[in-house]
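Heads up, the thing below is written out as structure tokens.
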Amino acid sequence: MNQNEFMQIVSPFKDKLFRMAKRLLVSTEEAEDATQEVLVKLWNKNEALDEYNSVEAMAMTMTKNYCLDQLKSKRASNLKIVHNNYTDREASLQQKVEDSDTWRWVEKIMHELPEQQKLIVQMRDIEEMEFEEIGTVLEMNETAIRVALSRARKTIREKMTKTHNYGIG
């Protein structure tokens, strides 16, 4: 396999690898390093890539594992998922402040979720991956993913409701 063929295979999903790494590692530089490491590993396996059903799923799994290894070795307790892509172009200043506050609360709540639930929420709700893809990346069956996602969403919803209804009643 030559370089052009390899790039045709990895180009459609290399940004997705970076976004996953960025979500897990927070630092842009570390995410770039992680993405580069995974792409180098893929290049080293370039002759065997045709044997895989989904190179993208394998690359996502490699990225997840690499990032988790980095977190374990450097700062295991500092896993943080950041979502800053939300913007409402026609919102008033007050609405923007409220939205920003709400996202901070969601981030804080997500930070408290078990690691597996964080990853599932990240992949499903933020990356918009299908359950089958998530199952391949996390090596879980789809039913377990749906249950974990439901529990994570329920936890987020309950804590947000409790936060917003504080002092009312």
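So you can find residues: chains in the structure tokens are A, B, ... in the order shown, residues in each start at 1, and ligands are numbered from 1 in order.
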
* Within 9 Å of Val106 of chain A, counting only C-alpha atoms, which residues show up once you throw out same-chain ones fewer than 6 positions away? Write them as a PyMOL selection string, please. => chain A and resi 156+159-160

* Within 7 Å of segment 67-70 of chain A using only C-alpha atoms, minus same-chain residues under 4 positions, as a list in words -> Ala21, Leu24, Leu25, Ala34, Thr63 and Lys74 of chain A

* To do: Report the residues of chain A whose backbone DSSP state falls under helix (DSSP H, G or I), written as a PyMOL selection string.
  => chain A and resi 3-10+14-25+28-44+46-51+55-74+76-78+93-112+115-126+131-138+142-164

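The space separating atom CA of Glu37 of chain A from atom CA of Pro114 of chain A comes to 26.4 Å.
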
* Nearest candidate to Met129 of chain A (options A:Thr28, A:Met20, A:Glu51, A:Val147; using only C-alpha atoms) ->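 Among A:Thr28, A:Met20, A:Glu51, A:Val147, it is A:Met20 that comes nearest to Met129 of chain A.
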
* **All residues 10 Å or closer to Glu47 of chain A, only C-alpha atoms, same chain fewer than 4 positions away omitted, as a ChimeraX atom specification** => /A:1-2,6,42-43,51

* **Residues near segment 59-62 of chain A, cut-off 8 Å, only C-alpha atoms, skip fewer than 4 positions along chain, as an MDAnalysis selection string** => chainID A and resid 17 20 38 42 55 66 136:138

Could those selected residues go to a file with N, CA, C and O atoms, as a short mmCIF file (atom, residue, chain, number, x, y, z; two decimals), in the first residue's frame?
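Below is the file out-v8.cif, written as the result:
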```cif
data_model
loop_
_atom_site.label_atom_id
_atom_site.label_comp_id
_atom_site.auth_asym_id
_atom_site.auth_seq_id
_atom_site.Cartn_x
_atom_site.Cartn_y
_atom_site.Cartn_z
N LEU A 17 -10.69 10.91 15.13
CA LEU A 17 -9.68 10.42 16.07
C LEU A 17 -9.17 11.56 16.94
O LEU A 17 -9.03 11.43 18.15
N MET A 20 -11.81 12.67 19.53
CA MET A 20 -11.89 11.74 20.65
C MET A 20 -10.69 11.93 21.58
O MET A 20 -10.84 12.00 22.80
N VAL A 38 -1.32 7.14 16.67
CA VAL A 38 -2.24 6.14 16.13
C VAL A 38 -2.06 6.02 14.62
O VAL A 38 -2.04 4.90 14.07
N LEU A 42 -1.01 2.77 12.52
CA LEU A 42 -1.78 2.28 11.37
C LEU A 42 -0.88 2.14 10.14
O LEU A 42 -1.01 1.18 9.38
N VAL A 55 -11.57 -0.26 9.51
CA VAL A 55 -10.31 0.37 9.92
C VAL A 55 -10.62 1.52 10.87
O VAL A 55 -9.89 1.76 11.84
N TYR A 66 -4.83 4.35 23.63
CA TYR A 66 -3.64 5.18 23.77
C TYR A 66 -3.91 6.32 24.77
O TYR A 66 -3.09 6.59 25.65
N THR A 136 -18.01 -1.79 18.96
CA THR A 136 -16.73 -2.25 18.42
C THR A 136 -15.57 -1.56 19.14
O THR A 136 -14.60 -2.22 19.52
N VAL A 137 -15.68 -0.26 19.33
CA VAL A 137 -14.59 0.49 19.98
C VAL A 137 -14.41 0.08 21.43
O VAL A 137 -13.29 -0.14 21.89
N LEU A 138 -15.52 -0.03 22.16
CA LEU A 138 -15.43 -0.33 23.60
C LEU A 138 -15.49 -1.83 23.92
O LEU A 138 -15.43 -2.21 25.08
#
```

* To do: Identify which of the residues A:Ser100, A:Ser27, A:Ile109, A:Met58 lies closest to Phe13 of chain A, counting only C-alpha atoms when measuring atom-to-atom distances.
  => A:Met58

* Residue among A:Lys41, A:Glu158, A:Glu127, A:Ile120 lying closest to Met140 of chain A, counting only C-alpha atoms ->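 Result for the nearest residue to Met140 of chain A: A:Ile120.
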
* So, counting only C-alpha atoms, which residue among A:Gln116, A:Thr102, A:Ser54, A:Ser11 is closest to Thr161 of chain A? ->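 When distances to Thr161 of chain A are compared using only C-alpha atoms, the smallest one comes from A:Thr102.
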
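Taking only C-alpha atoms into account, Val40 of chain A lies nearest to A:Gln3 out of the set A:Gln3, A:Asn53, A:Thr163, A:Gln8.
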
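Nearest residue to Leu113 of chain A among A:Gln95, A:Lys154, A:Glu142, A:Glu128 is A:Lys154, counting only C-alpha atoms.
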
* Between atom CA of Lys22 of chain A and atom CA of Leu49 of chain A, what is the spacing in Å? ->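 Atom CA of Lys22 of chain A lies 24.8 Å from atom CA of Leu49 of chain A.
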
* Exercise: Ala144 of chain A partners within 12 Å, only C-alpha atoms, chain neighbours under 4 positions left out, as a list of chain:residue names ->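 Within the cut-off, the hits are A:Gln116, A:Gln117, A:Ile120, A:Phe131, A:Glu132, A:Ile134, A:Gly135, A:Leu138, A:Glu139, A:Met140, A:Ala148, A:Leu149, A:Ser150, A:Arg151.
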
Those selected residues, please, written with N, CA, C and O atoms and delivered as a short mmCIF file (atom, residue, chain, number, x, y, z; two decimals), in the first residue's frame.
```cif
data_model
loop_
_atom_site.label_atom_id
_atom_site.label_comp_id
_atom_site.auth_asym_id
_atom_site.auth_seq_id
_atom_site.Cartn_x
_atom_site.Cartn_y
_atom_site.Cartn_z
N GLN A 116 -16.58 4.63 31.88
CA GLN A 116 -17.25 3.99 30.75
C GLN A 116 -18.47 4.79 30.30
O GLN A 116 -18.70 4.99 29.12
N GLN A 117 -19.25 5.29 31.25
CA GLN A 117 -20.42 6.10 30.91
C GLN A 117 -20.00 7.40 30.24
O GLN A 117 -20.64 7.85 29.28
N ILE A 120 -19.20 6.60 26.64
CA ILE A 120 -20.39 6.28 25.86
C ILE A 120 -21.18 7.55 25.55
O ILE A 120 -21.62 7.75 24.41
N PHE A 131 -24.55 2.79 17.72
CA PHE A 131 -24.31 1.84 18.81
C PHE A 131 -23.35 0.73 18.38
O PHE A 131 -22.51 0.29 19.16
N GLU A 132 -23.46 0.29 17.15
CA GLU A 132 -22.59 -0.77 16.65
C GLU A 132 -21.13 -0.32 16.66
O GLU A 132 -20.24 -1.08 17.07
N ILE A 134 -19.82 2.06 18.56
CA ILE A 134 -19.41 2.19 19.97
C ILE A 134 -19.08 0.81 20.53
O ILE A 134 -18.09 0.63 21.24
N GLY A 135 -19.92 -0.16 20.21
CA GLY A 135 -19.69 -1.53 20.67
C GLY A 135 -18.36 -2.08 20.20
O GLY A 135 -17.64 -2.74 20.96
N LEU A 138 -15.52 -0.03 22.16
CA LEU A 138 -15.43 -0.33 23.60
C LEU A 138 -15.49 -1.83 23.92
O LEU A 138 -15.43 -2.21 25.08
N GLU A 139 -15.66 -2.64 22.86
CA GLU A 139 -15.75 -4.09 23.03
C GLU A 139 -16.88 -4.45 24.00
O GLU A 139 -16.69 -5.18 24.97
N MET A 140 -18.05 -3.90 23.72
CA MET A 140 -19.25 -4.15 24.53
C MET A 140 -20.39 -4.52 23.59
O MET A 140 -20.37 -4.15 22.42
N ALA A 148 -25.98 1.58 29.77
CA ALA A 148 -25.03 2.54 30.35
C ALA A 148 -25.37 3.96 29.92
O ALA A 148 -25.31 4.90 30.73
N LEU A 149 -25.74 4.15 28.65
CA LEU A 149 -26.11 5.47 28.16
C LEU A 149 -27.37 5.98 28.87
O LEU A 149 -27.44 7.14 29.28
N SER A 150 -28.35 5.10 29.03
CA SER A 150 -29.57 5.48 29.72
C SER A 150 -29.29 5.89 31.16
O SER A 150 -29.82 6.90 31.64
N ARG A 151 -28.45 5.13 31.83
CA ARG A 151 -28.11 5.46 33.22
C ARG A 151 -27.35 6.78 33.31
O ARG A 151 -27.60 7.59 34.21
#
```

* To one decimal place, how far is atom CA of Asp101 of chain A from atom CA of His164 of chain A in Å? ->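 About the pair atom CA of Asp101 of chain A and atom CA of His164 of chain A: they are 10.9 Å apart.
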